[in-house]
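Engineer: Please see the structure below; I have some questions.
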Amino acid sequence: MSKMTLTTEGDRHILVTRRFAASPEAVYRAHTDPALIQKWLLGPDGWTMPSCEIDPRPGGSFRYEWANDKGAGFHLTGEFEALEPFSRIVHVERMFLPDRTPDNHVETRFEPDGSGTLMTMRMTLPDEATRKAMLSTGMEHGMEASYARLETMI
């Protein structure tokens with residue numbers, strides 16, 4: 001439906017928005033169903049998610065593992081703080097690249113938008129340096145590749 005936009009707020013926040021031509025229920029489910037997550041949350045072409053463990057409930061945890069055909073890989077772990085079916089997910093996550101990154105607190109909202117959904121993700125990082133390091137990875141390219149893949153699935 002549209003490309004992702006990424007902006008910053010203050011010193012510690014990243015705001016990501018994207019519209020999908022699907023219902024909030026479908027977009028929410030794609031963020032909580034491990035079988036779906038493994039199909040779309042892959043980043044750029046050439047990556048796979050060989051492991052996806054998720055317990056989508058307050059206090060539940062998740063672990064995603066990615067690998068590419070060159071032998072590289074990394075993983076992410078986190079915990080859910082709140083889930084409001086089809087409208088909101090709040091969680092904390094950290095990546096292992098292989099070293100652990102600082103915690104990233106994330107709130108994702110799924111709002112009806114015409115015949116589709118507006119997804120808004122607000123990331124809160126511990127400080128400006130951490131945010132700058134995250135943005136320097138080119139994360140928006142991997143995120144948009146994943147979201148474009150999701151768009152074709154739902």
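Each chain in the structure tokens gets a letter, A, B and so on, in the order shown; residues start at 1 in every chain, and ligands are counted from 1 in the order they appear.
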For range 47-64 of chain A, find every residue with an atom within 8 Å (counting only C-alpha atoms), except residues of its own chain fewer than 2 positions away, and show them as a PDB file with N, CA and C atoms, in the first residue's frame.
Structural biologist:
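Dumped everything to part-v9.pdb:
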ATOM      1  N   THR A  32       2.242 -11.628  15.482  1.00  0.00           N
ATOM      2  CA  THR A  32       2.147 -12.497  16.665  1.00  0.00           C
ATOM      3  C   THR A  32       2.107 -13.987  16.334  1.00  0.00           C
ATOM      4  N   ASP A  33       1.988 -14.358  15.081  1.00  0.00           N
ATOM      5  CA  ASP A  33       1.907 -15.763  14.670  1.00  0.00           C
ATOM      6  C   ASP A  33       3.279 -16.201  14.148  1.00  0.00           C
ATOM      7  N   PRO A  34       3.945 -17.146  14.827  1.00  0.00           N
ATOM      8  CA  PRO A  34       5.307 -17.512  14.418  1.00  0.00           C
ATOM      9  C   PRO A  34       5.400 -18.036  12.987  1.00  0.00           C
ATOM     10  N   ILE A  37       5.415 -14.867  10.896  1.00  0.00           N
ATOM     11  CA  ILE A  37       6.628 -14.078  11.141  1.00  0.00           C
ATOM     12  C   ILE A  37       7.809 -14.664  10.372  1.00  0.00           C
ATOM     13  N   GLN A  38       7.958 -15.981  10.379  1.00  0.00           N
ATOM     14  CA  GLN A  38       9.080 -16.627   9.689  1.00  0.00           C
ATOM     15  C   GLN A  38       9.042 -16.439   8.182  1.00  0.00           C
ATOM     16  N   LYS A  39       7.892 -16.077   7.637  1.00  0.00           N
ATOM     17  CA  LYS A  39       7.766 -15.885   6.192  1.00  0.00           C
ATOM     18  C   LYS A  39       8.067 -14.449   5.758  1.00  0.00           C
ATOM     19  N   LEU A  41       9.389 -11.590   8.140  1.00  0.00           N
ATOM     20  CA  LEU A  41      10.335 -10.773   8.908  1.00  0.00           C
ATOM     21  C   LEU A  41      11.766 -11.235   8.644  1.00  0.00           C
ATOM     22  N   LEU A  42      12.200 -11.072   7.389  1.00  0.00           N
ATOM     23  CA  LEU A  42      13.488 -11.608   6.959  1.00  0.00           C
ATOM     24  C   LEU A  42      14.506 -10.543   6.598  1.00  0.00           C
ATOM     25  N   GLY A  43      14.090  -9.295   6.491  1.00  0.00           N
ATOM     26  CA  GLY A  43      15.024  -8.269   6.048  1.00  0.00           C
ATOM     27  C   GLY A  43      15.296  -8.405   4.563  1.00  0.00           C
ATOM     28  N   PRO A  44      16.492  -7.991   4.134  1.00  0.00           N
ATOM     29  CA  PRO A  44      16.816  -8.044   2.705  1.00  0.00           C
ATOM     30  C   PRO A  44      16.831  -9.480   2.175  1.00  0.00           C
ATOM     31  N   ASP A  45      16.702  -9.622   0.865  1.00  0.00           N
ATOM     32  CA  ASP A  45      16.777 -10.943   0.235  1.00  0.00           C
ATOM     33  C   ASP A  45      18.063 -11.637   0.649  1.00  0.00           C
ATOM     34  N   TRP A  66      18.141 -15.201  12.789  1.00  0.00           N
ATOM     35  CA  TRP A  66      18.292 -15.007  11.360  1.00  0.00           C
ATOM     36  C   TRP A  66      19.628 -15.566  10.889  1.00  0.00           C
ATOM     37  N   ALA A  67      19.673 -16.006   9.638  1.00  0.00           N
ATOM     38  CA  ALA A  67      20.903 -16.491   9.021  1.00  0.00           C
ATOM     39  C   ALA A  67      20.865 -16.140   7.531  1.00  0.00           C
ATOM     40  N   ASN A  68      22.062 -16.015   6.947  1.00  0.00           N
ATOM     41  CA  ASN A  68      22.111 -15.817   5.495  1.00  0.00           C
ATOM     42  C   ASN A  68      22.964 -16.907   4.865  1.00  0.00           C
ATOM     43  N   ASP A  69      23.011 -16.903   3.536  1.00  0.00           N
ATOM     44  CA  ASP A  69      23.726 -17.966   2.824  1.00  0.00           C
ATOM     45  C   ASP A  69      25.240 -17.829   2.888  1.00  0.00           C
ATOM     46  N   HIS A  75      20.640 -12.864  16.472  1.00  0.00           N
ATOM     47  CA  HIS A  75      19.321 -13.158  17.049  1.00  0.00           C
ATOM     48  C   HIS A  75      18.835 -11.989  17.897  1.00  0.00           C
ATOM     49  N   LEU A  76      17.553 -12.049  18.212  1.00  0.00           N
ATOM     50  CA  LEU A  76      16.872 -11.018  18.984  1.00  0.00           C
ATOM     51  C   LEU A  76      16.033 -11.723  20.042  1.00  0.00           C
ATOM     52  N   THR A  77      16.022 -11.175  21.243  1.00  0.00           N
ATOM     53  CA  THR A  77      15.158 -11.693  22.298  1.00  0.00           C
ATOM     54  C   THR A  77      14.344 -10.545  22.860  1.00  0.00           C
ATOM     55  N   GLY A  78      13.251 -10.881  23.535  1.00  0.00           N
ATOM     56  CA  GLY A  78      12.439  -9.837  24.131  1.00  0.00           C
ATOM     57  C   GLY A  78      11.301 -10.396  24.951  1.00  0.00           C
ATOM     58  N   GLU A  79      10.580  -9.467  25.554  1.00  0.00           N
ATOM     59  CA  GLU A  79       9.427  -9.796  26.375  1.00  0.00           C
ATOM     60  C   GLU A  79       8.280  -8.856  26.041  1.00  0.00           C
ATOM     61  N   PHE A  80       7.079  -9.413  26.085  1.00  0.00           N
ATOM     62  CA  PHE A  80       5.879  -8.612  25.859  1.00  0.00           C
ATOM     63  C   PHE A  80       5.438  -7.976  27.172  1.00  0.00           C
ATOM     64  N   GLU A  81       5.095  -6.707  27.107  1.00  0.00           N
ATOM     65  CA  GLU A  81       4.573  -5.993  28.266  1.00  0.00           C
ATOM     66  C   GLU A  81       3.065  -5.859  28.203  1.00  0.00           C
ATOM     67  N   ALA A  82       2.530  -5.662  26.994  1.00  0.00           N
ATOM     68  CA  ALA A  82       1.076  -5.516  26.819  1.00  0.00           C
ATOM     69  C   ALA A  82       0.707  -5.913  25.403  1.00  0.00           C
ATOM     70  N   LEU A  83      -0.450  -6.554  25.274  1.00  0.00           N
ATOM     71  CA  LEU A  83      -1.017  -6.876  23.966  1.00  0.00           C
ATOM     72  C   LEU A  83      -2.503  -6.580  24.020  1.00  0.00           C
TER      73      LEU A  83
END
Engineer: Listing only residues of range 1-77 of chain A within 7 Å of range 123-141 of chain A, what is the closest atom pair and its distance in Å (to one decimal) for each, using only C-alpha atoms, sorted by chain and residue number ascending, as CSV?
Structural biologist:
residue,atom,partner,partner_atom,distance
A:Asp11,CA,A:Glu128,CA,4.9
A:Arg12,CA,A:Leu125,CA,5.1
A:His13,CA,A:Thr124,CA,4.7
A:Ile14,CA,A:Met123,CA,5.1
A:Leu15,CA,A:Met123,CA,6.4
Engineer: Could you write those residues out with N, CA and C atoms, as a compact mmCIF listing (two decimals), in the first residue's frame?
Structural biologist:
# COMPACT_ATOMS: atom_id res chain seq x y z
N ASP A 11 15.73 12.94 21.48
CA ASP A 11 17.05 12.33 21.40
C ASP A 11 17.04 10.81 21.38
N ARG A 12 15.90 10.19 21.77
CA ARG A 12 15.92 8.74 21.99
C ARG A 12 14.89 7.94 21.20
N HIS A 13 14.07 8.59 20.40
CA HIS A 13 12.95 7.89 19.77
C HIS A 13 13.11 7.75 18.26
N ILE A 14 12.60 6.63 17.75
CA ILE A 14 12.46 6.39 16.32
C ILE A 14 10.99 6.08 16.07
N LEU A 15 10.41 6.73 15.09
CA LEU A 15 9.02 6.51 14.73
C LEU A 15 8.95 5.93 13.32
Engineer: Between CA of His105 in chain A and CA of Arg18 in chain A, what is the distance, to one decimal in Å?
Structural biologist: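 Atom-to-atom, CA of His105 in chain A and CA of Arg18 in chain A are spaced 18.9 Å apart.
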Engineer: Do a neighbour search on Pro85 in chain A at 12 Å with only C-alpha atoms, toss out local chain neighbours closer than 6 positions, and write the hits as an NGL selection string.
Structural biologist: :A and (24-32 or 56-58 or 108-111)
Engineer: Quick one: distance from CA of Gly73 in chain A to CA of Ala145 in chain A in Å, one decimal?
Structural biologist: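 The value is 17.5 Å.
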Engineer: Going by DSSP on the backbone, which residues of chain A come out as strand (DSSP E)? List them as a PyMOL selection string.
Structural biologist: chain A and resi 5-9+13-20+47-54+61-68+73-84+88-96+104-113+116-124
Engineer: Can you work out the spacing between CA of Val92 in chain A and CA of Ala72 in chain A in Å, to one decimal?
Structural biologist: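 Between these atoms lies a distance of 24.3 Å.
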Engineer: Which one is closest to Thr17 in chain A: A:Leu36, A:Met95, A:Val90, A:Leu118? Count only C-alpha atoms.
Structural biologist: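 Result for the nearest residue to Thr17 in chain A: A:Leu118.
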Engineer: Pick from A:Gly142, A:Glu107, A:Ala21, A:Ile154: nearest to Gly46 in chain A, with only C-alpha atoms counted?
Structural biologist: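 Nearest candidate to Gly46 in chain A out of A:Gly142, A:Glu107, A:Ala21, A:Ile154: A:Gly142.
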